[in-house]
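Engineer: Have a look at this one.
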Amino acid sequence: MTARIGVVTFPGSLDDRDTQRAIRVAGAEPVALWHKDKDLKQVDAVVLCGGFSYGDYLRAGAISRFSPVMDTVIDQAKAGLPVLGICNGFQILTEAHLLPGAMLGNDHLHFVCRDQKLRVENADTSWTGDYTAGQEIHIPLKNRDGRYVADRRTVDELEAEGRVAFRYLDVNPNGSLNDIAGISNAAGNVVGLMPHPEHAVESLIGTGRTDGLPFFTSILKKLVNA
Ligand SMILES: NC(=O)CC[C@H](N)C(=O)O
């Protein structure tokens, strides 16, 4: 049986097609979900992709969080459905309180677009099993509101529980606390990060790296072996 992974499109999503392609390259079946869908079409996992959903009005992710599809995603994520939020998807996950903290404007106030070095800190989540802890990878980063913040107690808790999944290396591109690039929930089924693994899955494209592919093969293995 093929694993079915849903990709939600909101008005203003940019990376839904690339995300669907990454899922297909990994060997799973992408399923298009619309922000007005309440029903998740029996997918085995969901990706909230990058972009400027609802134009980033109010705050990035603040409106999308209230779309009909998110009511179901929130309920099912709490029941264990694997959910990955990439960039705008990470912003939506914090607004939905599936992940703690918030995303603010980059500290230098500019949009950033670069090939970013990261360290995988936690290879035990649903989406990172095909990496090894401590592995260094390069993945494209492109955003304006990428500065991860949370109160000190939350950050200390994330660190103590090993829930900082990815950390920026060499350069902190936005002023994120503790160089945090991505985090997970306590159960490890919900992961959010600012860099874009879906843009690094094919050697013919971009820098030629495929460092993002393990996100999609990790979840596929997890689902197939479940
Ligand atoms: N590529 C993205 O998803 C980034 C868009 C995002 N809304 C921002 O902070 O700029």
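Labels used: A, B, ... for chains in the order of the structure tokens, numbers from 1 for residues in each chain, and numbers from 1 for ligands as shown.
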Can you pull out every residue with an atom within 10 Å of ligand 1? Use only C-alpha atoms and all ligand atoms and format it as a PyMOL selection string.

Structural biologist: chain A and resi 12-15+48-57+59-61+85-92+103-106+110-113+140-147+194-196

Engineer: Going by DSSP on the backbone, which residues of segment 11-191 of chain A come out as strand (DSSP E or B)? List them as a PyMOL selection string.

Structural biologist: chain A and resi 13+29-34+45-48+51+83-86+102-104+112-120+136-143+147-149+164-168+180-184+190-191

Engineer: Looking at only C-alpha atoms, which of A:Trp127, A:Tyr168, A:Phe66, A:Phe216 is the one that sits closest to Arg24 of chain A?

Structural biologist: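 Of all the options, A:Phe216 lies closest to Arg24 of chain A.
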
Engineer: Considering only C-alpha atoms, tabulate each residue of segment 94-155 of chain A that lies at most 10 Å from segment 177-187 of chain A along with its nearest interatomic pair and the corresponding distance in Å to one decimal; arrange the rows by chain and ascending residue number and present them as a Markdown table.

Structural biologist:
```
| residue | atom | partner | partner_atom | distance |
| --- | --- | --- | --- | --- |
| A:His97 | CA | A:Asn185 | CA | 10.0 |
| A:Leu98 | CA | A:Asn185 | CA | 7.1 |
| A:Leu99 | CA | A:Asn185 | CA | 5.8 |
| A:Pro100 | CA | A:Asn185 | CA | 8.0 |
| A:Gly101 | CA | A:Ile183 | CA | 9.9 |
| A:Leu118 | CA | A:Ala181 | CA | 7.7 |
| A:Arg119 | CA | A:Ala181 | CA | 9.1 |
| A:Val120 | CA | A:Gly182 | CA | 9.3 |
| A:Glu121 | CA | A:Gly182 | CA | 9.4 |
| A:Asn122 | CA | A:Ile183 | CA | 8.9 |
| A:Thr125 | CA | A:Ser184 | CA | 7.4 |
| A:Ser126 | CA | A:Ala187 | CA | 9.1 |
| A:Trp127 | CA | A:Ser184 | CA | 9.6 |
| A:Leu141 | CA | A:Ala181 | CA | 9.9 |
| A:Gly146 | CA | A:Ala181 | CA | 8.5 |
| A:Arg147 | CA | A:Leu177 | CA | 7.6 |
| A:Tyr148 | CA | A:Leu177 | CA | 6.0 |
| A:Val149 | CA | A:Leu177 | CA | 5.8 |
| A:Ala150 | CA | A:Leu177 | CA | 7.9 |
| A:Asp151 | CA | A:Leu177 | CA | 9.8 |
| A:Arg152 | CA | A:Leu177 | CA | 9.4 |
| A:Val155 | CA | A:Leu177 | CA | 8.0 |
```

Engineer: Please list as a list in words every residue within 7 Å of Val7 of chain A, counting only C-alpha atoms and excluding residues in the same chain fewer than 3 positions away.

Structural biologist: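 Residues near the query, excluding close chain neighbours: Asp16, Gln20, Pro30, Val31, Ala32, Leu33, Val46, Val47, Leu48 and Cys49 of chain A.
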
Engineer: Could the residues in this selection be written to a file with N, CA and C atoms, as a short mmCIF file (atom, residue, chain, number, x, y, z; two decimals), in the first residue's frame?

Structural biologist:
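New file out_24.cif:
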```
data_model
loop_
_atom_site.label_atom_id
_atom_site.label_comp_id
_atom_site.auth_asym_id
_atom_site.auth_seq_id
_atom_site.Cartn_x
_atom_site.Cartn_y
_atom_site.Cartn_z
N ASP A 16 3.20 24.40 -2.86
CA ASP A 16 2.40 23.17 -2.82
C ASP A 16 2.84 22.19 -3.91
N GLN A 20 4.40 18.51 -3.37
CA GLN A 20 3.79 17.30 -3.95
C GLN A 20 4.85 16.51 -4.72
N PRO A 30 1.20 11.97 -3.30
CA PRO A 30 0.72 13.26 -2.79
C PRO A 30 -0.78 13.41 -3.02
N VAL A 31 -1.46 13.99 -2.04
CA VAL A 31 -2.90 14.22 -2.14
C VAL A 31 -3.15 15.71 -1.92
N ALA A 32 -3.75 16.38 -2.90
CA ALA A 32 -3.99 17.82 -2.78
C ALA A 32 -5.16 18.07 -1.83
N LEU A 33 -4.94 18.92 -0.83
CA LEU A 33 -6.00 19.32 0.09
C LEU A 33 -6.20 20.83 -0.05
N VAL A 46 0.25 14.92 6.79
CA VAL A 46 -0.08 16.20 6.13
C VAL A 46 1.15 17.10 6.14
N VAL A 47 1.36 17.81 5.02
CA VAL A 47 2.39 18.85 4.97
C VAL A 47 1.70 20.20 4.76
N LEU A 48 2.06 21.16 5.61
CA LEU A 48 1.65 22.56 5.40
C LEU A 48 2.85 23.23 4.74
N CYS A 49 2.66 23.71 3.53
CA CYS A 49 3.81 24.13 2.73
C CYS A 49 4.11 25.62 2.87
#
```

Engineer: Just to confirm, what's the straight-line distance from atom CA of Arg114 of chain A to atom CA of Gly162 of chain A in Å (one decimal)?

Structural biologist: 26.5 Å

Engineer: Could you check which of A:Leu93, A:Ala3, A:Leu220, A:Ala28 is closest to Met70 of chain A, using only C-alpha atoms?

Structural biologist: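 Ranked by minimum distance to Met70 of chain A, first place goes to A:Leu93.
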
Engineer: Calculated over only C-alpha atoms, which of the candidates A:His199, A:Lys117, A:His138, A:Arg21 has the smallest distance to Val171 of chain A?

Structural biologist: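 The shortest atom-to-atom distance to Val171 of chain A comes from A:Lys117.
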
Engineer: Atom CA of Lys41 of chain A and atom CA of Ile74 of chain A are how many Å apart?

Structural biologist: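 Here the two named atoms are 15.2 Å from each other.
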
Engineer: One number please: atom CA of Leu169 of chain A to atom CA of Ile139 of chain A, in Å, one decimal.

Structural biologist: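 That distance, rounded to one decimal, is 11.5 Å.
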
Engineer: Name the closest residue to Asp170 of chain A among the candidates A:Asn189, A:Thr207, A:Thr19, A:Gln116; distances are taken between atoms, counting only C-alpha atoms.

Structural biologist: A:Gln116

Engineer: So, counting only C-alpha atoms, which residue among A:Leu81, A:Ala200, A:Ile219, A:Leu40 is closest to Ala123 of chain A?

Structural biologist: A:Ile219
